[in-house]
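Engineer: Provided below: run37.csv, containing CSV, C-alpha atoms.
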chain,number,residue,atom,x,y,z
A,1,MET,CA,-4.6,-138.1,-37.2
A,2,ARG,CA,-7.5,-137.6,-39.6
A,3,ARG,CA,-9.2,-135.2,-37.2
A,4,LEU,CA,-6.0,-133.3,-36.9
A,5,LEU,CA,-5.8,-133.0,-40.7
A,6,ILE,CA,-9.4,-131.8,-40.9
A,7,VAL,CA,-8.7,-129.1,-38.2
A,8,LEU,CA,-5.5,-128.0,-40.0
A,9,ALA,CA,-7.4,-127.9,-43.4
A,10,CYS,CA,-10.1,-125.7,-41.8
A,11,VAL,CA,-7.5,-123.4,-40.3
A,12,SER,CA,-5.7,-123.0,-43.6
A,13,LEU,CA,-9.0,-122.5,-45.5
A,14,SER,CA,-10.0,-119.8,-43.1
A,15,ILE,CA,-6.7,-118.0,-43.5
A,16,SER,CA,-6.7,-118.1,-47.3
A,17,CYS,CA,-10.4,-117.1,-47.6
A,18,LYS,CA,-10.2,-114.2,-45.2
A,19,GLY,CA,-12.0,-111.3,-46.9
A,20,PHE,CA,-10.6,-107.8,-47.0
A,21,PRO,CA,-12.0,-105.8,-44.1
A,22,GLN,CA,-14.0,-102.9,-45.5
A,23,THR,CA,-14.1,-99.6,-43.7
A,24,PRO,CA,-17.6,-98.7,-42.6
A,25,SER,CA,-18.1,-95.4,-44.3
A,26,GLY,CA,-20.9,-93.4,-45.7
A,27,PHE,CA,-19.4,-93.5,-49.2
A,28,VAL,CA,-20.2,-97.1,-50.2
A,29,HIS,CA,-23.1,-97.3,-52.6
A,30,LYS,CA,-22.8,-93.5,-53.3
A,31,SER,CA,-21.6,-91.8,-56.4
A,32,ALA,CA,-17.8,-91.3,-56.3
A,33,PRO,CA,-16.9,-87.7,-55.7
A,34,GLN,CA,-15.7,-86.2,-59.0
A,35,PHE,CA,-12.4,-84.7,-59.6
A,36,VAL,CA,-10.3,-83.4,-62.4
A,37,ARG,CA,-6.5,-83.3,-62.0
A,38,THR,CA,-3.4,-83.4,-64.1
A,39,ASP,CA,-1.2,-86.5,-63.5
A,40,LEU,CA,2.6,-86.4,-63.1
A,41,SER,CA,3.0,-87.0,-66.8
A,42,GLY,CA,0.9,-84.0,-67.7
A,43,ARG,CA,-2.2,-86.0,-68.7
A,44,LYS,CA,-5.7,-84.7,-67.7
A,45,ILE,CA,-7.4,-87.2,-65.3
A,46,ASP,CA,-11.1,-86.7,-65.1
A,47,LEU,CA,-12.8,-89.3,-63.0
A,48,LYS,CA,-16.1,-88.9,-64.9
A,49,SER,CA,-14.4,-90.0,-68.1
A,50,TYR,CA,-13.8,-93.5,-66.7
A,51,ARG,CA,-17.5,-94.2,-66.4
A,52,GLY,CA,-18.1,-97.6,-67.8
A,53,LYS,CA,-14.8,-98.9,-66.3
A,54,VAL,CA,-14.2,-100.3,-62.9
A,55,VAL,CA,-11.9,-97.8,-61.1
A,56,LEU,CA,-9.5,-98.7,-58.3
A,57,LEU,CA,-8.7,-95.3,-56.7
A,58,ASN,CA,-5.8,-95.6,-54.3
A,59,PHE,CA,-4.6,-92.9,-51.9
A,60,TRP,CA,-0.9,-93.4,-51.0
A,61,ALA,CA,2.3,-91.7,-50.0
A,62,THR,CA,6.0,-92.3,-50.4
A,63,TRP,CA,6.5,-92.5,-46.6
A,64,CYS,CA,3.7,-95.1,-46.3
A,65,ALA,CA,5.3,-98.6,-46.1
A,66,SER,CA,2.1,-100.5,-46.7
A,67,CYS,CA,1.5,-98.5,-49.8
A,68,GLN,CA,4.8,-99.6,-51.3
A,69,VAL,CA,3.6,-103.2,-51.0
A,70,GLU,CA,0.2,-102.5,-52.6
A,71,LEU,CA,1.2,-100.3,-55.5
A,72,PRO,CA,3.2,-102.9,-57.5
A,73,ARG,CA,0.2,-105.3,-57.1
A,74,PHE,CA,-2.1,-102.6,-58.4
A,75,ALA,CA,0.2,-102.1,-61.4
A,76,GLU,CA,0.1,-105.8,-62.1
A,77,TRP,CA,-3.7,-105.7,-62.0
A,78,GLN,CA,-3.8,-102.9,-64.4
A,79,LYS,CA,-1.9,-105.0,-66.9
A,80,LYS,CA,-3.9,-108.1,-66.2
A,81,TYR,CA,-7.4,-106.6,-66.0
A,82,GLY,CA,-7.0,-103.4,-68.0
A,83,PRO,CA,-8.4,-105.1,-71.2
A,84,GLN,CA,-11.4,-106.1,-69.2
A,85,GLY,CA,-12.1,-102.6,-68.1
A,86,LEU,CA,-10.1,-101.9,-65.0
A,87,GLN,CA,-8.5,-98.5,-64.5
A,88,VAL,CA,-6.2,-98.0,-61.5
A,89,LEU,CA,-5.8,-94.3,-60.5
A,90,THR,CA,-3.5,-93.3,-57.7
A,91,VAL,CA,-3.5,-90.2,-55.6
A,92,SER,CA,-0.3,-89.3,-53.7
A,93,MET,CA,-0.9,-87.5,-50.4
A,94,ASP,CA,2.8,-86.4,-50.3
A,95,ASP,CA,3.4,-82.7,-49.6
A,96,GLY,CA,5.4,-82.3,-52.8
A,97,ASP,CA,5.9,-84.2,-56.1
A,98,ALA,CA,9.7,-84.6,-56.0
A,99,PRO,CA,9.7,-87.8,-53.8
A,100,VAL,CA,6.7,-89.1,-55.7
A,101,ARG,CA,8.4,-88.9,-59.1
A,102,LYS,CA,11.4,-90.7,-57.6
A,103,ALA,CA,9.1,-93.5,-56.1
A,104,VAL,CA,7.2,-93.9,-59.4
A,105,ARG,CA,10.5,-94.4,-61.2
A,106,ARG,CA,11.8,-96.8,-58.6
A,107,LEU,CA,8.6,-98.8,-58.5
A,108,ARG,CA,8.2,-98.6,-62.3
A,109,LEU,CA,4.5,-98.1,-61.7
A,110,GLY,CA,3.2,-97.1,-65.1
A,111,LEU,CA,0.0,-95.9,-63.5
A,112,PRO,CA,-1.6,-92.5,-63.5
A,113,VAL,CA,-0.5,-90.6,-60.4
A,114,VAL,CA,-2.1,-87.3,-59.4
A,115,MET,CA,-1.1,-85.2,-56.4
A,116,GLY,CA,-3.7,-85.1,-53.8
A,117,ASP,CA,-4.5,-82.3,-51.3
A,118,ALA,CA,-6.7,-81.6,-48.4
A,119,ARG,CA,-9.7,-80.7,-50.6
A,120,LEU,CA,-9.5,-84.1,-52.4
A,121,GLY,CA,-9.0,-85.9,-49.2
A,122,GLU,CA,-12.0,-84.2,-47.6
A,123,ALA,CA,-14.1,-85.0,-50.6
A,124,TYR,CA,-13.5,-88.7,-49.9
A,125,GLY,CA,-14.4,-88.4,-46.2
A,126,GLY,CA,-11.0,-87.3,-45.0
A,127,VAL,CA,-7.9,-89.3,-45.8
A,128,LEU,CA,-6.4,-89.4,-42.4
A,129,GLY,CA,-4.5,-92.6,-42.6
A,130,LEU,CA,-2.9,-94.5,-45.5
A,131,PRO,CA,-3.4,-96.5,-47.6
A,132,VAL,CA,-7.0,-96.0,-48.5
A,133,THR,CA,-8.5,-97.6,-51.6
A,134,PHE,CA,-12.0,-97.1,-53.2
A,135,LEU,CA,-13.4,-99.5,-55.7
A,136,ILE,CA,-15.8,-97.7,-58.1
A,137,GLY,CA,-18.1,-99.7,-60.2
A,138,ARG,CA,-18.8,-99.2,-63.9
A,139,ASP,CA,-21.8,-97.0,-62.9
A,140,GLY,CA,-19.6,-94.6,-61.0
A,141,PHE,CA,-20.8,-95.8,-57.6
A,142,ILE,CA,-18.4,-96.8,-54.8
A,143,THR,CA,-18.7,-100.5,-54.1
A,144,ALA,CA,-16.0,-100.8,-51.4
A,145,GLU,CA,-13.7,-98.7,-49.2
A,146,VAL,CA,-10.6,-100.4,-47.8
A,147,GLU,CA,-8.4,-98.7,-45.3
A,148,GLY,CA,-5.0,-99.8,-44.1
A,149,GLU,CA,-3.2,-103.0,-45.0
A,150,THR,CA,-5.6,-105.5,-46.6
A,151,ASN,CA,-5.8,-109.0,-48.0
A,152,LEU,CA,-4.8,-108.2,-51.6
A,153,ASN,CA,-5.9,-111.6,-52.9
A,154,ALA,CA,-9.4,-111.0,-51.6
A,155,LEU,CA,-9.4,-107.5,-53.0
A,156,GLU,CA,-8.4,-108.9,-56.4
A,157,SER,CA,-11.3,-111.3,-56.3
A,158,HIS,CA,-13.6,-108.4,-55.6
A,159,VAL,CA,-12.1,-106.5,-58.5
A,160,ALA,CA,-12.5,-109.5,-60.8
A,161,SER,CA,-16.1,-110.0,-59.7
A,162,LEU,CA,-16.9,-106.3,-60.5
A,163,LEU,CA,-15.3,-106.7,-63.9
A,164,GLY,CA,-17.5,-109.7,-64.6
A,165,ARG,CA,-20.7,-107.8,-63.9
B,1,MET,CA,-1.0,-139.4,-44.2
B,2,ARG,CA,2.1,-138.5,-42.1
B,3,GLN,CA,3.8,-137.2,-45.3
B,4,LEU,CA,0.7,-135.1,-46.0
B,5,LEU,CA,0.9,-133.6,-42.5
B,6,LYS,CA,4.6,-132.9,-42.9
B,7,CYS,CA,3.9,-131.2,-46.2
B,8,PHE,CA,1.1,-129.1,-44.6
B,9,VAL,CA,3.4,-128.0,-41.8
B,10,PHE,CA,6.1,-127.1,-44.2
B,11,VAL,CA,3.8,-125.0,-46.3
B,12,MET,CA,2.4,-123.2,-43.2
B,13,PHE,CA,6.0,-122.6,-42.0
B,14,ALA,CA,7.1,-121.3,-45.3
B,15,GLY,CA,4.1,-118.9,-45.5
B,16,PHE,CA,4.8,-117.7,-41.9
B,17,ALA,CA,8.5,-117.2,-42.7
B,18,GLY,CA,7.7,-115.3,-45.8
B,19,GLY,CA,5.4,-113.0,-43.9
B,20,MET,CA,8.1,-112.4,-41.2
B,21,GLN,CA,10.6,-111.6,-43.9
B,22,ALA,CA,8.2,-109.2,-45.5
B,23,GLN,CA,7.7,-107.5,-42.2
B,24,PHE,CA,11.3,-107.1,-41.4
B,25,SER,CA,12.3,-106.0,-44.8
B,26,ASN,CA,9.9,-103.1,-44.3
B,27,PRO,CA,11.8,-99.9,-43.8
B,28,ALA,CA,9.3,-98.6,-41.3
B,29,SER,CA,9.9,-101.5,-39.0
B,30,GLY,CA,13.6,-100.6,-38.7
B,31,PRO,CA,15.5,-98.4,-36.3
B,32,GLY,CA,13.5,-95.3,-37.1
B,33,SER,CA,10.1,-97.0,-36.5
B,34,ALA,CA,7.6,-95.8,-33.9
B,35,SER,CA,8.1,-99.1,-32.1
B,36,THR,CA,11.5,-97.7,-30.9
B,37,VAL,CA,9.8,-95.2,-28.6
B,38,PRO,CA,9.8,-96.7,-25.1
B,39,GLN,CA,6.3,-97.8,-23.8
B,40,SER,CA,6.7,-95.4,-20.8
B,41,GLN,CA,6.9,-92.5,-23.2
B,42,LEU,CA,3.6,-93.2,-25.0
B,43,MET,CA,0.5,-91.1,-24.3
B,44,GLN,CA,-3.0,-92.4,-24.9
B,45,PRO,CA,-5.4,-90.1,-26.7
B,46,THR,CA,-7.8,-89.9,-23.7
B,47,GLU,CA,-4.8,-88.8,-21.5
B,48,LEU,CA,-3.9,-86.0,-23.9
B,49,VAL,CA,-7.5,-84.8,-24.2
B,50,LYS,CA,-7.7,-84.6,-20.4
B,51,LEU,CA,-4.4,-82.7,-20.3
B,52,MET,CA,-5.6,-80.3,-23.0
B,53,LYS,CA,-8.8,-79.6,-21.0
B,54,SER,CA,-7.0,-79.1,-17.7
B,55,SER,CA,-3.9,-77.2,-18.7
B,56,GLY,CA,-3.8,-73.5,-19.2
B,57,PRO,CA,-0.6,-71.8,-20.1
B,58,GLY,CA,2.3,-74.1,-19.4
B,59,GLY,CA,0.4,-77.1,-20.8
B,60,PRO,CA,1.8,-79.5,-23.3
B,61,VAL,CA,3.3,-78.2,-26.6
B,62,ILE,CA,2.0,-80.5,-29.3
B,63,PHE,CA,3.6,-81.1,-32.8
B,64,GLN,CA,2.2,-83.0,-35.7
B,65,VAL,CA,5.2,-84.7,-37.4
B,66,GLY,CA,3.4,-86.1,-40.4
B,67,SER,CA,2.3,-84.8,-43.8
B,68,TYR,CA,1.0,-81.2,-44.4
B,69,VAL,CA,-1.8,-82.6,-46.5
B,70,MET,CA,-3.1,-84.5,-43.5
B,71,PHE,CA,-2.5,-81.6,-41.2
B,72,GLN,CA,-4.6,-79.4,-43.3
B,73,GLN,CA,-7.5,-81.9,-43.3
B,74,ALA,CA,-7.5,-82.2,-39.5
B,75,HIS,CA,-5.2,-81.7,-36.6
B,76,ILE,CA,-5.2,-81.4,-32.9
B,77,PRO,CA,-6.2,-77.9,-31.8
B,78,ASN,CA,-3.2,-75.6,-31.2
B,79,SER,CA,-0.7,-78.2,-32.4
B,80,GLY,CA,2.1,-77.0,-34.5
B,81,TYR,CA,3.1,-78.5,-37.9
B,82,ALA,CA,6.6,-79.8,-37.9
B,83,GLY,CA,6.6,-81.8,-41.1
B,84,PRO,CA,7.3,-85.4,-41.8
B,85,THR,CA,10.3,-86.2,-39.7
B,86,SER,CA,11.2,-89.2,-41.7
B,87,GLN,CA,12.6,-86.6,-44.1
B,88,ALA,CA,15.4,-84.2,-43.4
B,89,ASN,CA,13.2,-81.1,-43.9
B,90,GLY,CA,10.9,-82.3,-41.2
B,91,LEU,CA,13.7,-82.8,-38.7
B,92,ILE,CA,15.1,-79.3,-39.5
B,93,LEU,CA,11.7,-77.7,-39.0
B,94,LEU,CA,11.1,-79.6,-35.7
B,95,LYS,CA,14.5,-78.5,-34.4
B,96,LYS,CA,13.7,-74.9,-35.2
B,97,LEU,CA,10.3,-75.1,-33.6
B,98,VAL,CA,11.5,-76.5,-30.3
B,99,ALA,CA,14.6,-74.2,-30.1
B,100,PRO,CA,12.8,-71.7,-27.8
B,101,LEU,CA,11.4,-74.3,-25.5
B,102,LYS,CA,12.8,-75.2,-22.1
B,103,LYS,CA,14.4,-78.6,-21.9
B,104,ASP,CA,11.9,-79.9,-19.4
B,105,GLN,CA,8.8,-78.7,-21.4
B,106,LEU,CA,6.2,-81.4,-21.9
B,107,ILE,CA,6.3,-82.0,-25.7
B,108,VAL,CA,3.7,-84.3,-27.3
B,109,ILE,CA,4.4,-85.5,-30.8
B,110,TYR,CA,1.9,-87.3,-33.0
B,111,CYS,CA,1.5,-88.5,-36.6
B,112,GLY,CA,-1.2,-91.1,-37.3
B,113,CYS,CA,-0.4,-91.4,-41.0
B,114,CYS,CA,-0.1,-95.2,-40.7
B,115,PRO,CA,-0.6,-98.0,-38.2
B,116,TRP,CA,1.7,-97.4,-35.2
B,117,GLY,CA,4.4,-100.0,-36.1
B,118,LYS,CA,4.7,-98.7,-39.7
B,119,CYS,CA,4.8,-95.0,-38.9
B,120,PRO,CA,8.1,-93.6,-40.3
B,121,ASN,CA,7.9,-90.2,-38.6
B,122,ILE,CA,7.4,-90.7,-34.8
B,123,GLY,CA,10.7,-92.6,-34.2
B,124,PRO,CA,13.0,-90.0,-35.8
B,125,ALA,CA,11.1,-87.1,-34.2
B,126,TYR,CA,11.3,-88.7,-30.7
B,127,LYS,CA,15.0,-89.5,-31.2
B,128,GLN,CA,15.8,-86.0,-32.3
B,129,LEU,CA,14.0,-84.4,-29.4
B,130,ARG,CA,15.8,-86.7,-26.9
B,131,ASP,CA,19.1,-86.0,-28.7
B,132,LEU,CA,18.5,-82.3,-28.3
B,133,GLY,CA,18.2,-82.8,-24.6
B,134,PHE,CA,14.4,-82.6,-24.1
B,135,THR,CA,13.6,-84.7,-21.1
B,136,ASN,CA,9.8,-84.7,-21.2
B,137,VAL,CA,8.8,-86.0,-24.6
B,138,LYS,CA,5.7,-88.1,-25.1
B,139,ALA,CA,4.5,-89.8,-28.3
B,140,LEU,CA,0.7,-89.9,-28.8
B,141,TYR,CA,-0.2,-93.5,-29.4
B,142,LEU,CA,-2.5,-93.8,-32.4
B,143,ALA,CA,-2.8,-97.5,-33.0
B,144,LYS,CA,-4.3,-97.4,-36.5
B,145,ASN,CA,-4.3,-93.8,-37.7
B,146,PHE,CA,-5.4,-90.2,-36.8
B,147,GLY,CA,-8.8,-90.7,-38.4
B,148,ASP,CA,-9.7,-93.8,-36.5
B,149,ASP,CA,-8.0,-93.2,-33.2
B,150,TRP,CA,-8.6,-89.5,-32.8
B,151,MET,CA,-11.2,-88.0,-35.1
B,152,SER,CA,-13.7,-90.8,-35.2
B,153,LYS,CA,-13.7,-90.9,-31.4
B,154,GLY,CA,-15.0,-87.3,-31.3
B,155,PHE,CA,-11.8,-85.8,-29.9
B,156,PRO,CA,-11.3,-82.1,-30.9
B,157,VAL,CA,-9.8,-81.2,-34.2
B,158,GLU,CA,-9.0,-78.0,-36.2
B,159,ARG,CA,-8.9,-77.8,-39.9
B,160,GLY,CA,-6.7,-75.7,-42.2
B,161,GLU,CA,-3.4,-74.2,-41.6
Transcribe the structure of this file into structure tokens.
Structural biologist:
Amino acid sequence: MRRLLIVLACVSLSISCKGFPQTPSGFVHKSAPQFVRTDLSGRKIDLKSYRGKVVLLNFWATWCASCQVELPRFAEWQKKYGPQGLQVLTVSMDDGDAPVRKAVRRLRLGLPVVMGDARLGEAYGGVLGLPVTFLIGRDGFITAEVEGETNLNALESHVASLLGR
Amino acid sequence: MRQLLKCFVFVMFAGFAGGMQAQFSNPASGPGSASTVPQSQLMQPTELVKLMKSSGPGGPVIFQVGSYVMFQQAHIPNSGYAGPTSQANGLILLKKLVAPLKKDQLIVIYCGCCPWGKCPNIGPAYKQLRDLGFTNVKALYLAKNFGDDWMSKGFPVERGE
């Protein structure tokens, strides 16, 4: 019985501690490609101006089911870690802004949302599957790229560790 | 000890059930999901590449049924853009594009916006083409997404419009 418990404990530990699989890409440890856009509320978003903050840059779309799961979590993180220097920026890869505005209202995001396009996608290595998230350190360098559904708890731990640096 | 074990099993079951619920409450896993396309109608990327190389005129007609932003970044050479068929506009455009085709024409649809089971576009596109009477419709099976399952494998792409 004791052995069984030990095995079960190991299994549960391995599940809970599973890290987020990072996408092997040439972008990690490189300077994040700069962009200046206007968000849906009309505010200018200049990535350069967030230097000194940890930036979570998320590419999403209204038709992406996994994105709908992640976005509310990212909005929570913005509230929780914003005072420590986290800035969540989101880029919608939808073809038009009408469904995006609806989704933002429905999800009550409260996050900056800019509309993406092919040029911005290509600048980040081609966004050819969603969701994709980049973590950018306070120095403006990309520390992680995460593609597809991920372990959000592990990602949060990574964000927290970046904020502590 | 036994109580502890029971507790553990309960916690694991609750977690599993929660995960299952999350999966099934996902709209992309519903009736319009890519998973509704019969296995026999799936086409593997290597199969399509072979077909593209070997076929001259009369080869497959290929449509991307995902977002235009993704189509602009990279798409299969000579594929037409039909628009995201999870939305009414995409279905209307697809219907218009296939109108001149013969009903037995080999049509290959692809998206690759999301992992296969979560793609909201393939299922509706496949259903519409079948409902329109097309008898030779295949869906390109992109397990993870277009970037990983097509482009990263070195298969041909075109950029732009």
Engineer: Using all atoms listed in the file, can you tell me which of A:Val104, A:Leu152, A:Ala65, A:Val159 comes closest to Gln87 in chain A?
Structural biologist: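 Of the candidates, the smallest distance to Gln87 in chain A is held by A:Val159.
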Engineer: Could you please determine the separation between CA of Gln73 in chain B and CA of Asp94 in chain A in Å, to one decimal place?
Structural biologist: 13.2 Å
Engineer: So what do you get for CA of Gln34 in chain A versus CA of Gly66 in chain B, distance-wise?
Structural biologist: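 Interatomic distance, CA of Gln34 in chain A to CA of Gly66 in chain B: 26.7 Å.
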Engineer: Can you tell me how far CA of Arg51 in chain A sits from CA of Ala103 in chain A, in Å to one decimal?
Structural biologist: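 Separation between CA of Arg51 in chain A and CA of Ala103 in chain A: 28.5 Å.
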Engineer: Find the residue from A:Asp95, A:Glu122, A:Glu76, A:Asp139 that sits nearest to Ala74 in chain B; use all atoms listed in the file when measuring.
Structural biologist: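 Ranking A:Asp95, A:Glu122, A:Glu76, A:Asp139 by distance to Ala74 in chain B, first place goes to A:Glu122.
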Engineer: At a cut-off of 6 Å, which residues of chain A touch chain B? Count all atoms listed in the file and give the answer as a ChimeraX atom specification.
Structural biologist: /A:95,117-118,128-130
Engineer: Write out as a VMD selection string each polymer residue whose atoms come within 10 Å of Tyr81 in chain A, counting all atoms listed in the file; drop sequence neighbours fewer than 6 positions from it.
Structural biologist: chain A and resid 54 75 87 to 88 156 159 to 160 163
Engineer: Considering all atoms listed in the file, return as a list in words whatever protein or nucleic-acid residues lie within 8 Å of Leu56 in chain A, sequence-local ones (same chain, fewer than 3 positions apart) excluded.
Structural biologist: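 After dropping sequence-adjacent residues, the list is Leu86, Gln87, Val88, Leu89, Thr133, Phe134, Leu135 and Ile136 of chain A.
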Engineer: Generate the missing atoms of range 52-77 of chain B up to N, CA and C atoms and report them as a PDB file, in the coordinates of the input.
Structural biologist:
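Full text of rebuild.pdb as output:
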ATOM      1  N   MET B  52      -5.273 -81.501 -22.203  1.00  0.00           N
ATOM      2  CA  MET B  52      -5.600 -80.300 -23.000  1.00  0.00           C
ATOM      3  C   MET B  52      -6.703 -79.504 -22.280  1.00  0.00           C
ATOM      4  N   LYS B  53      -7.640 -80.232 -21.650  1.00  0.00           N
ATOM      5  CA  LYS B  53      -8.800 -79.600 -21.000  1.00  0.00           C
ATOM      6  C   LYS B  53      -8.300 -78.890 -19.679  1.00  0.00           C
ATOM      7  N   SER B  54      -7.403 -79.602 -18.988  1.00  0.00           N
ATOM      8  CA  SER B  54      -7.000 -79.100 -17.700  1.00  0.00           C
ATOM      9  C   SER B  54      -5.900 -78.079 -17.689  1.00  0.00           C
ATOM     10  N   SER B  55      -5.053 -78.144 -18.708  1.00  0.00           N
ATOM     11  CA  SER B  55      -3.900 -77.200 -18.700  1.00  0.00           C
ATOM     12  C   SER B  55      -4.205 -75.894 -19.296  1.00  0.00           C
ATOM     13  N   GLY B  56      -3.764 -74.889 -18.628  1.00  0.00           N
ATOM     14  CA  GLY B  56      -3.800 -73.500 -19.200  1.00  0.00           C
ATOM     15  C   GLY B  56      -2.443 -73.288 -19.798  1.00  0.00           C
ATOM     16  N   PRO B  57      -1.949 -72.077 -19.604  1.00  0.00           N
ATOM     17  CA  PRO B  57      -0.600 -71.800 -20.100  1.00  0.00           C
ATOM     18  C   PRO B  57       0.386 -72.741 -19.321  1.00  0.00           C
ATOM     19  N   GLY B  58       1.386 -73.181 -20.000  1.00  0.00           N
ATOM     20  CA  GLY B  58       2.300 -74.100 -19.400  1.00  0.00           C
ATOM     21  C   GLY B  58       1.918 -75.569 -19.619  1.00  0.00           C
ATOM     22  N   GLY B  59       0.891 -75.778 -20.412  1.00  0.00           N
ATOM     23  CA  GLY B  59       0.400 -77.100 -20.800  1.00  0.00           C
ATOM     24  C   GLY B  59       1.366 -77.752 -21.799  1.00  0.00           C
ATOM     25  N   PRO B  60       0.942 -78.856 -22.372  1.00  0.00           N
ATOM     26  CA  PRO B  60       1.800 -79.500 -23.300  1.00  0.00           C
ATOM     27  C   PRO B  60       1.963 -78.713 -24.632  1.00  0.00           C
ATOM     28  N   VAL B  61       3.111 -78.812 -25.223  1.00  0.00           N
ATOM     29  CA  VAL B  61       3.300 -78.200 -26.600  1.00  0.00           C
ATOM     30  C   VAL B  61       3.209 -79.434 -27.520  1.00  0.00           C
ATOM     31  N   ILE B  62       2.303 -79.305 -28.483  1.00  0.00           N
ATOM     32  CA  ILE B  62       2.000 -80.500 -29.300  1.00  0.00           C
ATOM     33  C   ILE B  62       2.462 -80.195 -30.775  1.00  0.00           C
ATOM     34  N   PHE B  63       3.110 -81.200 -31.352  1.00  0.00           N
ATOM     35  CA  PHE B  63       3.600 -81.100 -32.800  1.00  0.00           C
ATOM     36  C   PHE B  63       3.065 -82.263 -33.564  1.00  0.00           C
ATOM     37  N   GLN B  64       2.539 -81.960 -34.760  1.00  0.00           N
ATOM     38  CA  GLN B  64       2.200 -83.000 -35.700  1.00  0.00           C
ATOM     39  C   GLN B  64       3.472 -83.212 -36.563  1.00  0.00           C
ATOM     40  N   VAL B  65       3.932 -84.445 -36.671  1.00  0.00           N
ATOM     41  CA  VAL B  65       5.200 -84.700 -37.400  1.00  0.00           C
ATOM     42  C   VAL B  65       4.927 -85.530 -38.659  1.00  0.00           C
ATOM     43  N   GLY B  66       3.728 -85.359 -39.228  1.00  0.00           N
ATOM     44  CA  GLY B  66       3.400 -86.100 -40.400  1.00  0.00           C
ATOM     45  C   GLY B  66       3.258 -85.153 -41.644  1.00  0.00           C
ATOM     46  N   SER B  67       2.414 -85.538 -42.584  1.00  0.00           N
ATOM     47  CA  SER B  67       2.300 -84.800 -43.800  1.00  0.00           C
ATOM     48  C   SER B  67       1.449 -83.514 -43.656  1.00  0.00           C
ATOM     49  N   TYR B  68       1.742 -82.500 -44.449  1.00  0.00           N
ATOM     50  CA  TYR B  68       1.000 -81.200 -44.400  1.00  0.00           C
ATOM     51  C   TYR B  68      -0.424 -81.432 -44.923  1.00  0.00           C
ATOM     52  N   VAL B  69      -0.532 -82.305 -45.948  1.00  0.00           N
ATOM     53  CA  VAL B  69      -1.800 -82.600 -46.500  1.00  0.00           C
ATOM     54  C   VAL B  69      -2.788 -83.120 -45.476  1.00  0.00           C
ATOM     55  N   MET B  70      -2.255 -83.966 -44.617  1.00  0.00           N
ATOM     56  CA  MET B  70      -3.100 -84.500 -43.500  1.00  0.00           C
ATOM     57  C   MET B  70      -3.346 -83.483 -42.457  1.00  0.00           C
ATOM     58  N   PHE B  71      -2.331 -82.688 -42.167  1.00  0.00           N
ATOM     59  CA  PHE B  71      -2.500 -81.600 -41.200  1.00  0.00           C
ATOM     60  C   PHE B  71      -3.597 -80.667 -41.564  1.00  0.00           C
ATOM     61  N   GLN B  72      -3.623 -80.329 -42.836  1.00  0.00           N
ATOM     62  CA  GLN B  72      -4.600 -79.400 -43.300  1.00  0.00           C
ATOM     63  C   GLN B  72      -6.048 -79.974 -43.193  1.00  0.00           C
ATOM     64  N   GLN B  73      -6.162 -81.275 -43.391  1.00  0.00           N
ATOM     65  CA  GLN B  73      -7.500 -81.900 -43.300  1.00  0.00           C
ATOM     66  C   GLN B  73      -8.010 -81.899 -41.860  1.00  0.00           C
ATOM     67  N   ALA B  74      -7.148 -82.226 -40.935  1.00  0.00           N
ATOM     68  CA  ALA B  74      -7.500 -82.200 -39.500  1.00  0.00           C
ATOM     69  C   ALA B  74      -6.298 -82.369 -38.655  1.00  0.00           C
ATOM     70  N   HIS B  75      -6.269 -81.579 -37.579  1.00  0.00           N
ATOM     71  CA  HIS B  75      -5.200 -81.700 -36.600  1.00  0.00           C
ATOM     72  C   HIS B  75      -5.655 -81.371 -35.227  1.00  0.00           C
ATOM     73  N   ILE B  76      -4.866 -81.709 -34.243  1.00  0.00           N
ATOM     74  CA  ILE B  76      -5.200 -81.400 -32.900  1.00  0.00           C
ATOM     75  C   ILE B  76      -5.139 -79.905 -32.641  1.00  0.00           C
ATOM     76  N   PRO B  77      -6.178 -79.331 -32.020  1.00  0.00           N
ATOM     77  CA  PRO B  77      -6.200 -77.900 -31.800  1.00  0.00           C
ATOM     78  C   PRO B  77      -4.878 -77.377 -31.163  1.00  0.00           C
TER      79      PRO B  77
END
